[in-house]
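Novice: Structure supplied as upload_30.pdb; contents: PDB, C-alpha atoms, pLDDT in the B column.
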ATOM      1  CA  MET A   1      96.413 104.002 108.949  1.00 95.00           C
ATOM      2  CA  LYS A   2      98.074 100.670 108.300  1.00 97.00           C
ATOM      3  CA  ILE A   3      95.848  98.217 106.443  1.00 97.00           C
ATOM      4  CA  GLU A   4      98.493  95.494 106.167  1.00 96.00           C
ATOM      5  CA  ASP A   5     102.239  95.264 105.560  1.00 95.00           C
ATOM      6  CA  GLY A   6     103.045  97.412 102.553  1.00 97.00           C
ATOM      7  CA  LEU A   7      99.608  99.036 102.296  1.00 98.00           C
ATOM      8  CA  HIS A   8      98.429 102.147 104.145  1.00 98.00           C
ATOM      9  CA  LEU A   9      95.540 104.577 103.905  1.00 98.00           C
ATOM     10  CA  VAL A  10      97.154 107.947 104.594  1.00 98.00           C
ATOM     11  CA  LEU A  11      94.413 110.486 103.814  1.00 98.00           C
ATOM     12  CA  SER A  12      90.638 110.060 103.778  1.00 98.00           C
ATOM     13  CA  GLY A  13      87.936 112.660 104.271  1.00 97.00           C
ATOM     14  CA  GLY A  14      84.237 112.905 104.918  1.00 96.00           C
ATOM     15  CA  ALA A  15      83.289 110.508 102.118  1.00 96.00           C
ATOM     16  CA  GLY A  16      85.664 107.939 103.547  1.00 97.00           C
ATOM     17  CA  PHE A  17      87.184 107.320 106.976  1.00 97.00           C
ATOM     18  CA  ASP A  18      87.506 110.850 108.449  1.00 98.00           C
ATOM     19  CA  LEU A  19      91.239 110.378 108.759  1.00 97.00           C
ATOM     20  CA  SER A  20      92.084 113.834 107.417  1.00 98.00           C
ATOM     21  CA  ASP A  21      90.454 116.958 105.980  1.00 97.00           C
ATOM     22  CA  ALA A  22      86.802 116.532 105.011  1.00 97.00           C
ATOM     23  CA  PHE A  23      87.549 117.313 101.342  1.00 97.00           C
ATOM     24  CA  ASP A  24      90.270 114.680 100.904  1.00 98.00           C
ATOM     25  CA  CYS A  25      89.696 111.604  98.786  1.00 98.00           C
ATOM     26  CA  ASN A  26      91.093 108.256  99.884  1.00 98.00           C
ATOM     27  CA  VAL A  27      94.868 108.394  99.422  1.00 98.00           C
ATOM     28  CA  PHE A  28      96.597 105.032  99.524  1.00 98.00           C
ATOM     29  CA  MET A  29     100.291 104.223  99.829  1.00 98.00           C
ATOM     30  CA  ILE A  30     101.903 101.019  98.568  1.00 98.00           C
ATOM     31  CA  ALA A  31     105.404  99.757  99.319  1.00 98.00           C
ATOM     32  CA  ALA A  32     107.784  99.181  96.405  1.00 98.00           C
ATOM     33  CA  GLY A  33     110.891  97.735  97.989  1.00 96.00           C
ATOM     34  CA  ASP A  34     112.506 100.524 100.036  1.00 95.00           C
ATOM     35  CA  GLU A  35     110.267 103.193  98.499  1.00 97.00           C
ATOM     36  CA  TRP A  36     106.592 104.046  98.779  1.00 98.00           C
ATOM     37  CA  LEU A  37     104.124 104.909  96.045  1.00 98.00           C
ATOM     38  CA  LEU A  38     101.360 107.412  96.783  1.00 98.00           C
ATOM     39  CA  PHE A  39      98.100 107.376  94.833  1.00 98.00           C
ATOM     40  CA  ASP A  40      96.262 110.717  94.661  1.00 98.00           C
ATOM     41  CA  ALA A  41      96.955 113.728  96.850  1.00 98.00           C
ATOM     42  CA  GLY A  42      93.790 114.902  98.580  1.00 98.00           C
ATOM     43  CA  ALA A  43      92.545 118.474  98.416  1.00 98.00           C
ATOM     44  CA  GLY A  44      95.589 120.104 100.051  1.00 97.00           C
ATOM     45  CA  ARG A  45      93.685 122.050 102.713  1.00 96.00           C
ATOM     46  CA  ASP A  46      95.701 120.553 105.606  1.00 95.00           C
ATOM     47  CA  PRO A  47      99.247 120.306 104.246  1.00 88.00           C
ATOM     48  CA  GLY A  48     100.851 118.874 107.371  1.00 91.00           C
ATOM     49  CA  ARG A  49      98.383 116.057 107.965  1.00 95.00           C
ATOM     50  CA  LEU A  50     100.097 113.476 105.749  1.00 96.00           C
ATOM     51  CA  SER A  51     103.429 113.935 107.502  1.00 94.00           C
ATOM     52  CA  ALA A  52     101.712 113.500 110.865  1.00 96.00           C
ATOM     53  CA  ILE A  53     100.021 110.280 109.725  1.00 97.00           C
ATOM     54  CA  LEU A  54     103.279 108.907 108.331  1.00 96.00           C
ATOM     55  CA  ALA A  55     104.934 109.582 111.686  1.00 96.00           C
ATOM     56  CA  GLU A  56     102.082 107.852 113.516  1.00 95.00           C
ATOM     57  CA  ASP A  57     102.504 104.842 111.228  1.00 96.00           C
ATOM     58  CA  GLY A  58     106.269 104.766 111.728  1.00 95.00           C
ATOM     59  CA  ILE A  59     107.091 105.537 108.089  1.00 96.00           C
ATOM     60  CA  ASP A  60     110.044 107.707 107.088  1.00 95.00           C
ATOM     61  CA  ALA A  61     108.590 110.480 104.924  1.00 95.00           C
ATOM     62  CA  GLY A  62     111.819 110.480 102.911  1.00 95.00           C
ATOM     63  CA  ALA A  63     110.977 107.014 101.605  1.00 97.00           C
ATOM     64  CA  VAL A  64     107.798 108.290  99.922  1.00 97.00           C
ATOM     65  CA  ARG A  65     109.088 109.001  96.439  1.00 97.00           C
ATOM     66  CA  HIS A  66     106.324 108.723  93.842  1.00 98.00           C
ATOM     67  CA  LEU A  67     102.849 110.264  93.422  1.00 98.00           C
ATOM     68  CA  PHE A  68     100.345 108.958  90.860  1.00 98.00           C
ATOM     69  CA  ILE A  69      97.235 111.063  90.131  1.00 98.00           C
ATOM     70  CA  THR A  70      94.012 109.494  88.825  1.00 98.00           C
ATOM     71  CA  HIS A  71      92.343 112.700  87.581  1.00 98.00           C
ATOM     72  CA  GLY A  72      92.323 116.428  88.015  1.00 98.00           C
ATOM     73  CA  HIS A  73      89.391 116.975  90.379  1.00 98.00           C
ATOM     74  CA  ALA A  74      90.533 119.017  93.351  1.00 98.00           C
ATOM     75  CA  ASP A  75      89.896 116.363  96.015  1.00 98.00           C
ATOM     76  CA  HIS A  76      92.380 114.126  94.172  1.00 98.00           C
ATOM     77  CA  SER A  77      94.995 116.567  92.873  1.00 98.00           C
ATOM     78  CA  GLY A  78      94.706 119.728  94.965  1.00 98.00           C
ATOM     79  CA  GLY A  79      97.369 118.585  97.436  1.00 98.00           C
ATOM     80  CA  ALA A  80      99.880 117.507  94.806  1.00 98.00           C
ATOM     81  CA  ALA A  81     101.915 120.732  94.665  1.00 98.00           C
ATOM     82  CA  ASP A  82     102.483 120.857  98.412  1.00 97.00           C
ATOM     83  CA  LEU A  83     103.335 117.155  98.658  1.00 97.00           C
ATOM     84  CA  ARG A  84     105.749 117.409  95.735  1.00 97.00           C
ATOM     85  CA  GLU A  85     107.541 120.287  97.444  1.00 96.00           C
ATOM     86  CA  ARG A  86     107.357 118.930 100.980  1.00 94.00           C
ATOM     87  CA  LEU A  87     108.459 115.362 100.228  1.00 95.00           C
ATOM     88  CA  GLY A  88     110.395 115.805  96.988  1.00 95.00           C
ATOM     89  CA  LEU A  89     108.008 113.501  95.147  1.00 97.00           C
ATOM     90  CA  ARG A  90     108.135 112.550  91.495  1.00 98.00           C
ATOM     91  CA  THR A  91     104.656 113.091  90.035  1.00 98.00           C
ATOM     92  CA  TYR A  92     102.893 110.972  87.407  1.00 98.00           C
ATOM     93  CA  ALA A  93      99.624 111.387  85.501  1.00 98.00           C
ATOM     94  CA  GLY A  94      97.930 110.732  82.183  1.00 98.00           C
ATOM     95  CA  ALA A  95      98.376 113.390  79.504  1.00 98.00           C
ATOM     96  CA  PRO A  96      94.991 115.180  79.853  1.00 98.00           C
ATOM     97  CA  THR A  97      95.308 115.331  83.643  1.00 98.00           C
ATOM     98  CA  ALA A  98      98.890 116.573  83.451  1.00 98.00           C
ATOM     99  CA  LYS A  99      97.881 119.428  81.148  1.00 98.00           C
ATOM    100  CA  MET A 100      95.161 120.695  83.501  1.00 98.00           C
ATOM    101  CA  VAL A 101      97.039 120.183  86.760  1.00 98.00           C
ATOM    102  CA  GLU A 102     100.165 121.923  85.484  1.00 98.00           C
ATOM    103  CA  ALA A 103      98.093 124.864  84.254  1.00 98.00           C
ATOM    104  CA  GLY A 104      95.951 125.068  87.390  1.00 98.00           C
ATOM    105  CA  ASP A 105      92.965 124.941  85.030  1.00 98.00           C
ATOM    106  CA  GLU A 106      90.049 125.332  87.447  1.00 97.00           C
ATOM    107  CA  ALA A 107      87.433 125.260  84.687  1.00 97.00           C
ATOM    108  CA  GLY A 108      89.014 122.155  83.160  1.00 98.00           C
ATOM    109  CA  ILE A 109      88.801 120.267  86.452  1.00 98.00           C
ATOM    110  CA  SER A 110      85.274 121.641  87.086  1.00 97.00           C
ATOM    111  CA  LEU A 111      86.330 123.417  90.264  1.00 97.00           C
ATOM    112  CA  ASP A 112      84.381 126.493  89.177  1.00 95.00           C
ATOM    113  CA  ARG A 113      81.173 124.436  88.991  1.00 94.00           C
ATOM    114  CA  ALA A 114      81.945 122.724  92.283  1.00 95.00           C
ATOM    115  CA  ARG A 115      82.345 126.080  94.038  1.00 95.00           C
ATOM    116  CA  GLN A 116      79.070 127.344  92.544  1.00 93.00           C
ATOM    117  CA  ALA A 117      77.316 124.210  93.807  1.00 93.00           C
ATOM    118  CA  GLY A 118      78.727 124.676  97.309  1.00 92.00           C
ATOM    119  CA  VAL A 119      80.859 121.524  97.112  1.00 93.00           C
ATOM    120  CA  TYR A 120      83.976 123.582  97.907  1.00 94.00           C
ATOM    121  CA  PRO A 121      84.084 126.796  99.942  1.00 93.00           C
ATOM    122  CA  ALA A 122      84.491 130.026  98.000  1.00 92.00           C
ATOM    123  CA  ASP A 123      87.956 130.589  99.464  1.00 93.00           C
ATOM    124  CA  TYR A 124      89.371 127.188  98.454  1.00 96.00           C
ATOM    125  CA  HIS A 125      92.620 127.769  96.560  1.00 93.00           C
ATOM    126  CA  TYR A 126      93.889 125.257  93.995  1.00 97.00           C
ATOM    127  CA  ARG A 127      97.633 125.121  93.403  1.00 97.00           C
ATOM    128  CA  ALA A 128      99.025 124.081  90.029  1.00 98.00           C
ATOM    129  CA  CYS A 129     101.573 121.262  90.178  1.00 98.00           C
ATOM    130  CA  ALA A 130     104.320 120.190  87.791  1.00 98.00           C
ATOM    131  CA  ILE A 131     103.959 116.643  86.452  1.00 98.00           C
ATOM    132  CA  ASP A 132     107.315 114.968  86.054  1.00 98.00           C
ATOM    133  CA  THR A 133     106.216 111.944  84.016  1.00 98.00           C
ATOM    134  CA  VAL A 134     103.263 111.614  81.656  1.00 98.00           C
ATOM    135  CA  ILE A 135     102.371 107.917  81.584  1.00 97.00           C
ATOM    136  CA  GLU A 136     101.165 106.223  78.421  1.00 95.00           C
ATOM    137  CA  PRO A 137      98.276 103.752  78.702  1.00 95.00           C
ATOM    138  CA  ARG A 138      99.037 100.053  79.014  1.00 84.00           C
ATOM    139  CA  GLN A 139     102.790 100.576  79.339  1.00 91.00           C
ATOM    140  CA  PRO A 140     103.744  99.195  82.769  1.00 95.00           C
ATOM    141  CA  LEU A 141     106.180 101.237  84.836  1.00 97.00           C
ATOM    142  CA  ALA A 142     108.450  99.292  87.198  1.00 97.00           C
ATOM    143  CA  VAL A 143     109.394 100.642  90.621  1.00 96.00           C
ATOM    144  CA  GLY A 144     111.449  98.019  92.412  1.00 95.00           C
ATOM    145  CA  PRO A 145     109.353  94.830  92.639  1.00 97.00           C
ATOM    146  CA  VAL A 146     106.121  96.677  91.785  1.00 98.00           C
ATOM    147  CA  THR A 147     104.648  97.515  88.382  1.00 98.00           C
ATOM    148  CA  VAL A 148     102.120 100.287  87.754  1.00 98.00           C
ATOM    149  CA  GLU A 149      99.994 100.261  84.605  1.00 98.00           C
ATOM    150  CA  LEU A 150      97.778 103.191  83.603  1.00 98.00           C
ATOM    151  CA  ILE A 151      94.296 102.183  82.412  1.00 98.00           C
ATOM    152  CA  GLU A 152      92.171 104.823  80.677  1.00 98.00           C
ATOM    153  CA  THR A 153      88.849 104.956  82.542  1.00 98.00           C
ATOM    154  CA  PRO A 154      86.940 108.072  81.425  1.00 98.00           C
ATOM    155  CA  GLY A 155      83.341 108.810  82.336  1.00 98.00           C
ATOM    156  CA  HIS A 156      83.420 110.406  85.761  1.00 98.00           C
ATOM    157  CA  SER A 157      85.683 112.908  84.015  1.00 98.00           C
ATOM    158  CA  PHE A 158      87.208 112.857  80.546  1.00 98.00           C
ATOM    159  CA  ASP A 159      90.752 112.618  81.919  1.00 98.00           C
ATOM    160  CA  HIS A 160      90.139 109.867  84.464  1.00 98.00           C
ATOM    161  CA  VAL A 161      92.597 106.982  84.681  1.00 98.00           C
ATOM    162  CA  SER A 162      92.957 104.052  87.035  1.00 98.00           C
ATOM    163  CA  TYR A 163      96.142 102.222  87.951  1.00 98.00           C
ATOM    164  CA  LEU A 164      96.647  98.463  87.951  1.00 98.00           C
ATOM    165  CA  VAL A 165      99.365  97.815  90.504  1.00 98.00           C
ATOM    166  CA  THR A 166     101.061  94.444  90.714  1.00 98.00           C
ATOM    167  CA  THR A 167     103.020  93.737  93.909  1.00 97.00           C
ATOM    168  CA  PRO A 168     104.656  90.478  95.023  1.00 95.00           C
ATOM    169  CA  THR A 169     101.451  89.641  96.952  1.00 94.00           C
ATOM    170  CA  ARG A 170      98.558  91.520  95.320  1.00 96.00           C
ATOM    171  CA  ARG A 171      97.067  92.724  92.071  1.00 98.00           C
ATOM    172  CA  ILE A 172      95.458  96.030  92.996  1.00 98.00           C
ATOM    173  CA  LEU A 173      93.093  98.305  91.111  1.00 98.00           C
ATOM    174  CA  ILE A 174      93.488 101.926  92.172  1.00 98.00           C
ATOM    175  CA  GLY A 175      90.033 102.908  90.974  1.00 98.00           C
ATOM    176  CA  GLY A 176      89.879 106.622  91.754  1.00 98.00           C
ATOM    177  CA  ASP A 177      86.282 107.623  91.039  1.00 98.00           C
ATOM    178  CA  ALA A 178      85.690 105.016  88.316  1.00 98.00           C
ATOM    179  CA  LEU A 179      84.425 102.136  90.479  1.00 98.00           C
ATOM    180  CA  PHE A 180      83.293 101.822  94.086  1.00 98.00           C
ATOM    181  CA  TRP A 181      82.361  99.146  96.581  1.00 97.00           C
ATOM    182  CA  GLY A 182      79.148  97.406  95.577  1.00 97.00           C
ATOM    183  CA  GLY A 183      79.534  98.208  91.877  1.00 98.00           C
ATOM    184  CA  LYS A 184      78.651 101.888  92.148  1.00 98.00           C
ATOM    185  CA  VAL A 185      80.029 104.734  90.022  1.00 98.00           C
ATOM    186  CA  ALA A 186      80.188 108.541  90.388  1.00 98.00           C
ATOM    187  CA  ILE A 187      77.942 110.633  88.161  1.00 98.00           C
ATOM    188  CA  GLN A 188      77.612 114.382  88.478  1.00 95.00           C
ATOM    189  CA  ASP A 189      76.437 117.360  86.450  1.00 95.00           C
ATOM    190  CA  ILE A 190      79.724 118.616  85.041  1.00 96.00           C
ATOM    191  CA  TYR A 191      80.657 119.253  81.421  1.00 96.00           C
ATOM    192  CA  ASP A 192      82.720 116.105  80.909  1.00 96.00           C
ATOM    193  CA  CYS A 193      80.867 113.468  82.928  1.00 97.00           C
ATOM    194  CA  ASN A 194      79.545 111.038  80.324  1.00 97.00           C
ATOM    195  CA  ILE A 195      77.260 108.111  81.134  1.00 97.00           C
ATOM    196  CA  GLY A 196      78.186 106.229  77.979  1.00 97.00           C
ATOM    197  CA  ALA A 197      81.858 106.501  78.912  1.00 98.00           C
ATOM    198  CA  VAL A 198      81.063 105.444  82.504  1.00 98.00           C
ATOM    199  CA  CYS A 199      79.504 102.225  81.176  1.00 98.00           C
ATOM    200  CA  ALA A 200      82.369 101.631  78.743  1.00 98.00           C
ATOM    201  CA  THR A 201      84.793 101.994  81.648  1.00 98.00           C
ATOM    202  CA  VAL A 202      82.825  99.418  83.647  1.00 98.00           C
ATOM    203  CA  ARG A 203      83.319  97.003  80.750  1.00 98.00           C
ATOM    204  CA  THR A 204      87.030  97.771  80.730  1.00 98.00           C
ATOM    205  CA  LEU A 205      87.432  97.209  84.463  1.00 98.00           C
ATOM    206  CA  ALA A 206      85.365  94.018  84.406  1.00 98.00           C
ATOM    207  CA  SER A 207      87.825  92.609  81.867  1.00 97.00           C
ATOM    208  CA  LEU A 208      90.840  93.123  84.150  1.00 97.00           C
ATOM    209  CA  ASP A 209      92.362  90.652  86.579  1.00 96.00           C
ATOM    210  CA  PHE A 210      92.616  92.156  90.083  1.00 98.00           C
ATOM    211  CA  ASP A 211      91.918  90.947  93.611  1.00 97.00           C
ATOM    212  CA  THR A 212      92.003  94.256  95.540  1.00 98.00           C
ATOM    213  CA  LEU A 213      89.993  97.445  94.917  1.00 98.00           C
ATOM    214  CA  LEU A 214      91.184 100.736  96.399  1.00 98.00           C
ATOM    215  CA  PRO A 215      88.639 103.408  95.390  1.00 98.00           C
ATOM    216  CA  GLY A 216      88.800 107.151  95.825  1.00 98.00           C
ATOM    217  CA  HIS A 217      85.985 107.249  98.388  1.00 98.00           C
ATOM    218  CA  LEU A 218      84.026 104.953 100.698  1.00 97.00           C
ATOM    219  CA  ASN A 219      85.185 101.454 101.584  1.00 97.00           C
ATOM    220  CA  PHE A 220      87.924  99.375  99.976  1.00 98.00           C
ATOM    221  CA  SER A 221      88.030  95.638  99.265  1.00 98.00           C
ATOM    222  CA  LEU A 222      91.099  93.495  99.889  1.00 97.00           C
ATOM    223  CA  ARG A 223      89.935  90.171  98.453  1.00 97.00           C
ATOM    224  CA  ASN A 224      87.667  88.997  95.648  1.00 97.00           C
ATOM    225  CA  ALA A 225      87.327  92.618  94.542  1.00 98.00           C
ATOM    226  CA  ARG A 226      86.369  91.722  90.973  1.00 97.00           C
ATOM    227  CA  ARG A 227      82.870  91.155  92.357  1.00 98.00           C
ATOM    228  CA  HIS A 228      82.405  94.933  92.474  1.00 98.00           C
ATOM    229  CA  ALA A 229      83.128  95.246  88.746  1.00 98.00           C
ATOM    230  CA  ASP A 230      80.821  92.289  88.128  1.00 98.00           C
ATOM    231  CA  ALA A 231      78.073  94.020  90.145  1.00 98.00           C
ATOM    232  CA  ALA A 232      78.428  97.118  87.969  1.00 98.00           C
ATOM    233  CA  MET A 233      78.317  94.961  84.853  1.00 98.00           C
ATOM    234  CA  GLU A 234      74.944  93.564  85.894  1.00 98.00           C
ATOM    235  CA  TYR A 235      73.541  97.019  85.128  1.00 98.00           C
ATOM    236  CA  VAL A 236      75.581  97.638  81.994  1.00 98.00           C
ATOM    237  CA  VAL A 237      74.530  94.410  80.267  1.00 98.00           C
ATOM    238  CA  ARG A 238      70.899  95.568  80.681  1.00 97.00           C
ATOM    239  CA  LEU A 239      71.797  98.899  78.987  1.00 96.00           C
ATOM    240  CA  ALA A 240      71.500 100.639  82.349  1.00 97.00           C
ATOM    241  CA  CYS A 241      73.982 102.752  84.275  1.00 97.00           C
ATOM    242  CA  PRO A 242      75.149 101.518  87.687  1.00 98.00           C
ATOM    243  CA  PRO A 243      73.941 103.558  90.681  1.00 98.00           C
ATOM    244  CA  SER A 244      75.926 106.636  91.597  1.00 98.00           C
ATOM    245  CA  ILE A 245      77.474 107.404  94.970  1.00 97.00           C
ATOM    246  CA  ILE A 246      76.596 111.062  94.312  1.00 94.00           C
ATOM    247  CA  VAL A 247      72.952 111.589  95.215  1.00 85.00           C
TER     248      VAL A 247
END
Would you mind giving the structure from this file in C-alpha cells?
Specialist:
Amino acid sequence: MKIEDGLHLVLSGGAGFDLSDAFDCNVFMIAAGDEWLLFDAGAGRDPGRLSAILAEDGIDAGAVRHLFITHGHADHSGGAADLRERLGLRTYAGAPTAKMVEAGDEAGISLDRARQAGVYPADYHYRACAIDTVIEPRQPLAVGPVTVELIETPGHSFDHVSYLVTTPTRRILIGGDALFWGGKVAIQDIYDCNIGAVCATVRTLASLDFDTLLPGHLNFSLRNARRHADAAMEYVVRLACPPSIIV
C-alpha cells in the first residue's frame, strides 16, 4: 500500500490495516535511492503475501535489499527467515535481538507465554533467522541517501530498539512497539516487560527530533509526530505510565 513516494506499508494485520495475515505487525518500506529498506518482517504465516503486495504496488522485489528488525517478538521477526531466503535480504538487528532470532529462542521472545495465553495458535512455527549485521546504538548506517540509526528503546521487551531514519524529505521514527499514536505504549505480562524501562524509553523518544512516526501497530503519523511522544511524556512527568494498547 503506497503511502507516498518512497514510503509503503507492505504488511499489516489485525491490529493495523488488515493488509495481510492477522498476526503481522505493521511492516514499512522506505526507498534508499535504487534500493528499499524493510522494517520488521511480520509473523511469517503467509510467506507469499509480501511479494504479491510488492507486485500490486509496482515494486521490483529484487530492489528490496535490507531488513531491519526492532525486536524478537514473533509478529515482528517471525517472517524474517523466509524473507531473507526469498528476497536475498541483508538482515540487521541489535545484539540482544540477533542472539534470540538466530537461535530461534522461543522462550527468549516470549512465544511460549504467548501460545499459552492464546495469542498465537498452538501450531504456529517460528523459524530462526541469521542476522547479517549487528548494529551498534547511535552509530548511523548509510544506505544511499538514507541514514538509519539504532536507538535503544527497552521496556516492551528488553531487546527492543527503534530506528531513526533520515531521508532527503523526512526524519522518521520506526517505533516498533515502543510508541504508538496518541502517546500510548504496549505493556504485557511477560518476563522482560518493564514499566520503568517503558517510561525511560518515552523520555528518550521525546528527546529526539522526528516528524514522522511509523509504529508497529495501529495508525501512523506523517507530520508533527513528536506530539505523540509529548502526549506520552504528559504521563511520565507525573510519575505515571502512559496507557497501553494491550487491554
Novice: Residues within 7 Å of Arg90 in chain A, please, as a VMD selection string. Count all atoms listed in the file; anything in the same chain fewer than 6 positions from it doesn't count.
Specialist: chain A and resid 65 to 67 84 132
Novice: Tell me which residues the PyMOL selection byres ((chain A and resi 213) around 9) grabs here, as a tab-separated table (two decimals) with C-alpha atoms, in the frame of the given file.
Specialist:
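Generated file (result_1.tsv):
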chain	number	residue	atom	x	y	z
A	171	ARG	CA	97.07	92.72	92.07
A	172	ILE	CA	95.46	96.03	93.00
A	173	LEU	CA	93.09	98.30	91.11
A	174	ILE	CA	93.49	101.93	92.17
A	175	GLY	CA	90.03	102.91	90.97
A	179	LEU	CA	84.42	102.14	90.48
A	180	PHE	CA	83.29	101.82	94.09
A	181	TRP	CA	82.36	99.15	96.58
A	210	PHE	CA	92.62	92.16	90.08
A	211	ASP	CA	91.92	90.95	93.61
A	212	THR	CA	92.00	94.26	95.54
A	214	LEU	CA	91.18	100.74	96.40
A	215	PRO	CA	88.64	103.41	95.39
A	220	PHE	CA	87.92	99.38	99.98
A	221	SER	CA	88.03	95.64	99.26
A	222	LEU	CA	91.10	93.50	99.89
A	223	ARG	CA	89.94	90.17	98.45
A	224	ASN	CA	87.67	89.00	95.65
A	225	ALA	CA	87.33	92.62	94.54
A	226	ARG	CA	86.37	91.72	90.97
A	228	HIS	CA	82.40	94.93	92.47
Novice: So that I can see what lies close to Ile190 in chain A, please list as number ranges by chain the residues with an atom at most 9 Å from it, counting only C-alpha atoms and leaving out residues fewer than 5 positions away in the same chain.
Specialist: A: 110, 113-114, 157
Novice: Need the axis-aligned box for range 79-89 of chain A with 5 Å each side, so what are the centre and edges in Å to one decimal, as lines of an AutoDock Vina configuration file?
Specialist:
center_x = 103.9
center_y = 117.2
center_z = 97.8
size_x = 23.0
size_y = 17.4
size_z = 16.3
Novice: Exactly which residues make up the result of the PyMOL selection byres ((chain A and resi 241-245) around 9) on this file, given as a list in words?
Specialist: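 After applying the PyMOL selection byres ((chain A and resi 241-245) around 9), what remains is Phe180, Gly183, Lys184, Val185, Ala186, Ile187, Gln188, Ile195, Gly196, Val198, Cys199, Val202, Ala231, Ala232, Met233, Glu234, Tyr235, Val236, Arg238, Leu239, Ala240, Ile246 and Val247 of chain A.
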Novice: Which residues are near range 72-77 of chain A? Cut-off 7 Å, all atoms listed in the file, ignore same chain within fewer than 5 positions. Put them as a VMD selection string.
Specialist: chain A and resid 23 to 25 40 to 43 97 100 to 101 109 111
Novice: With distances taken over all atoms listed in the file, which residue among A:Gly58, A:Ile131, A:Phe39, A:Gly44 lies nearest Met1 in chain A?
Specialist: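 Closest candidate: A:Gly58.
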Novice: Skip Glu56 in chain A itself and residues of its chain fewer than 5 positions away, then list as a list in words all residues within 12 Å of it, counting all atoms listed in the file.
Specialist: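 Counting only the stated atoms, we get Met1, Lys2, His8, Val10, Arg49, Leu50, Ser51 and Ala61 of chain A.
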Novice: Quote the spacing between CA of Asp112 in chain A and CA of His71 in chain A in Å to one decimal place.
Specialist: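 Going from CA of Asp112 in chain A over to CA of His71 in chain A, I get 16.0 Å.
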Novice: Show me, as a PDB file with C-alpha atoms, keeping the file's coordinate frame, the residues that have an atom within 12 Å of Glu136 in chain A when counting only C-alpha atoms, minus same-chain residues fewer than 6 positions from it.
Specialist:
ATOM      1  CA  TYR A  92     102.893 110.972  87.407  1.00 98.00           C
ATOM      2  CA  ALA A  93      99.624 111.387  85.501  1.00 98.00           C
ATOM      3  CA  GLY A  94      97.930 110.732  82.183  1.00 98.00           C
ATOM      4  CA  ALA A  95      98.376 113.390  79.504  1.00 98.00           C
ATOM      5  CA  PRO A  96      94.991 115.180  79.853  1.00 98.00           C
ATOM      6  CA  ALA A  98      98.890 116.573  83.451  1.00 98.00           C
ATOM      7  CA  VAL A 148     102.120 100.287  87.754  1.00 98.00           C
ATOM      8  CA  GLU A 149      99.994 100.261  84.605  1.00 98.00           C
ATOM      9  CA  LEU A 150      97.778 103.191  83.603  1.00 98.00           C
ATOM     10  CA  ILE A 151      94.296 102.183  82.412  1.00 98.00           C
ATOM     11  CA  GLU A 152      92.171 104.823  80.677  1.00 98.00           C
ATOM     12  CA  VAL A 161      92.597 106.982  84.681  1.00 98.00           C
ATOM     13  CA  TYR A 163      96.142 102.222  87.951  1.00 98.00           C
TER      14      TYR A 163
END
Novice: Just checking: using only C-alpha atoms, which residue out of A:Val143, A:Ala107, A:Ala130, A:Ala55 ends up closest to Gly88 in chain A?
Specialist: A:Ala130
Novice: Between A:Leu11, A:Ile69, A:Gly108, A:Leu89, which is the closest to His160 in chain A once you count all atoms listed in the file?
Specialist: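 Smallest separation from His160 in chain A among the options: A:Ile69.
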Novice: Could you tell me which residues the PyMOL selection byres ((chain A and resi 14) around 10) grabs in this file, written as a PyMOL selection string?
Specialist: chain A and resi 12-13+15-26+217-218
Novice: Grab the residues selected above and save them as a compact mmCIF listing (two decimals), keeping the file's coordinate frame with C-alpha atoms.
Specialist:
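As a result, result.txt now contains:
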# COMPACT_ATOMS: atom_id res chain seq x y z
CA SER A 12 90.64 110.06 103.78
CA GLY A 13 87.94 112.66 104.27
CA ALA A 15 83.29 110.51 102.12
CA GLY A 16 85.66 107.94 103.55
CA PHE A 17 87.18 107.32 106.98
CA ASP A 18 87.51 110.85 108.45
CA LEU A 19 91.24 110.38 108.76
CA SER A 20 92.08 113.83 107.42
CA ASP A 21 90.45 116.96 105.98
CA ALA A 22 86.80 116.53 105.01
CA PHE A 23 87.55 117.31 101.34
CA ASP A 24 90.27 114.68 100.90
CA CYS A 25 89.70 111.60 98.79
CA ASN A 26 91.09 108.26 99.88
CA HIS A 217 85.98 107.25 98.39
CA LEU A 218 84.03 104.95 100.70
Novice: What is the CA of Leu141 in chain A-CA of Glu35 in chain A distance in Å, reported with one decimal?
Specialist: 14.4 Å
Novice: For each of A:Ile30, A:Ala229, A:Ala200, A:Val119, take the minimum atom-to-atom distance to Thr169 in chain A, counting only C-alpha atoms, then give the residue where this is smallest.
Specialist: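 Distance minimum relative to Thr169 in chain A lands on A:Ile30.
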Novice: Suppose you want the space between CA of Thr147 in chain A and CA of Phe68 in chain A; what is it in Å?
Specialist: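 Those two atoms sit 12.5 Å apart.
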Novice: Between A:Gly182, A:Val165, A:Phe28, A:Asp189, which one has atoms that come closest to Gly216 in chain A, using only C-alpha atoms?
Specialist: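 Nearest candidate to Gly216 in chain A out of A:Gly182, A:Val165, A:Phe28, A:Asp189: A:Phe28.
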Novice: Looking at A:Asp192, A:Leu83, A:Ala117, A:Lys99, which one is nearest to Val134 in chain A, with distances taken over all atoms listed in the file?
Specialist: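 Residue with the minimum atom-to-atom distance to Val134 in chain A: A:Lys99.
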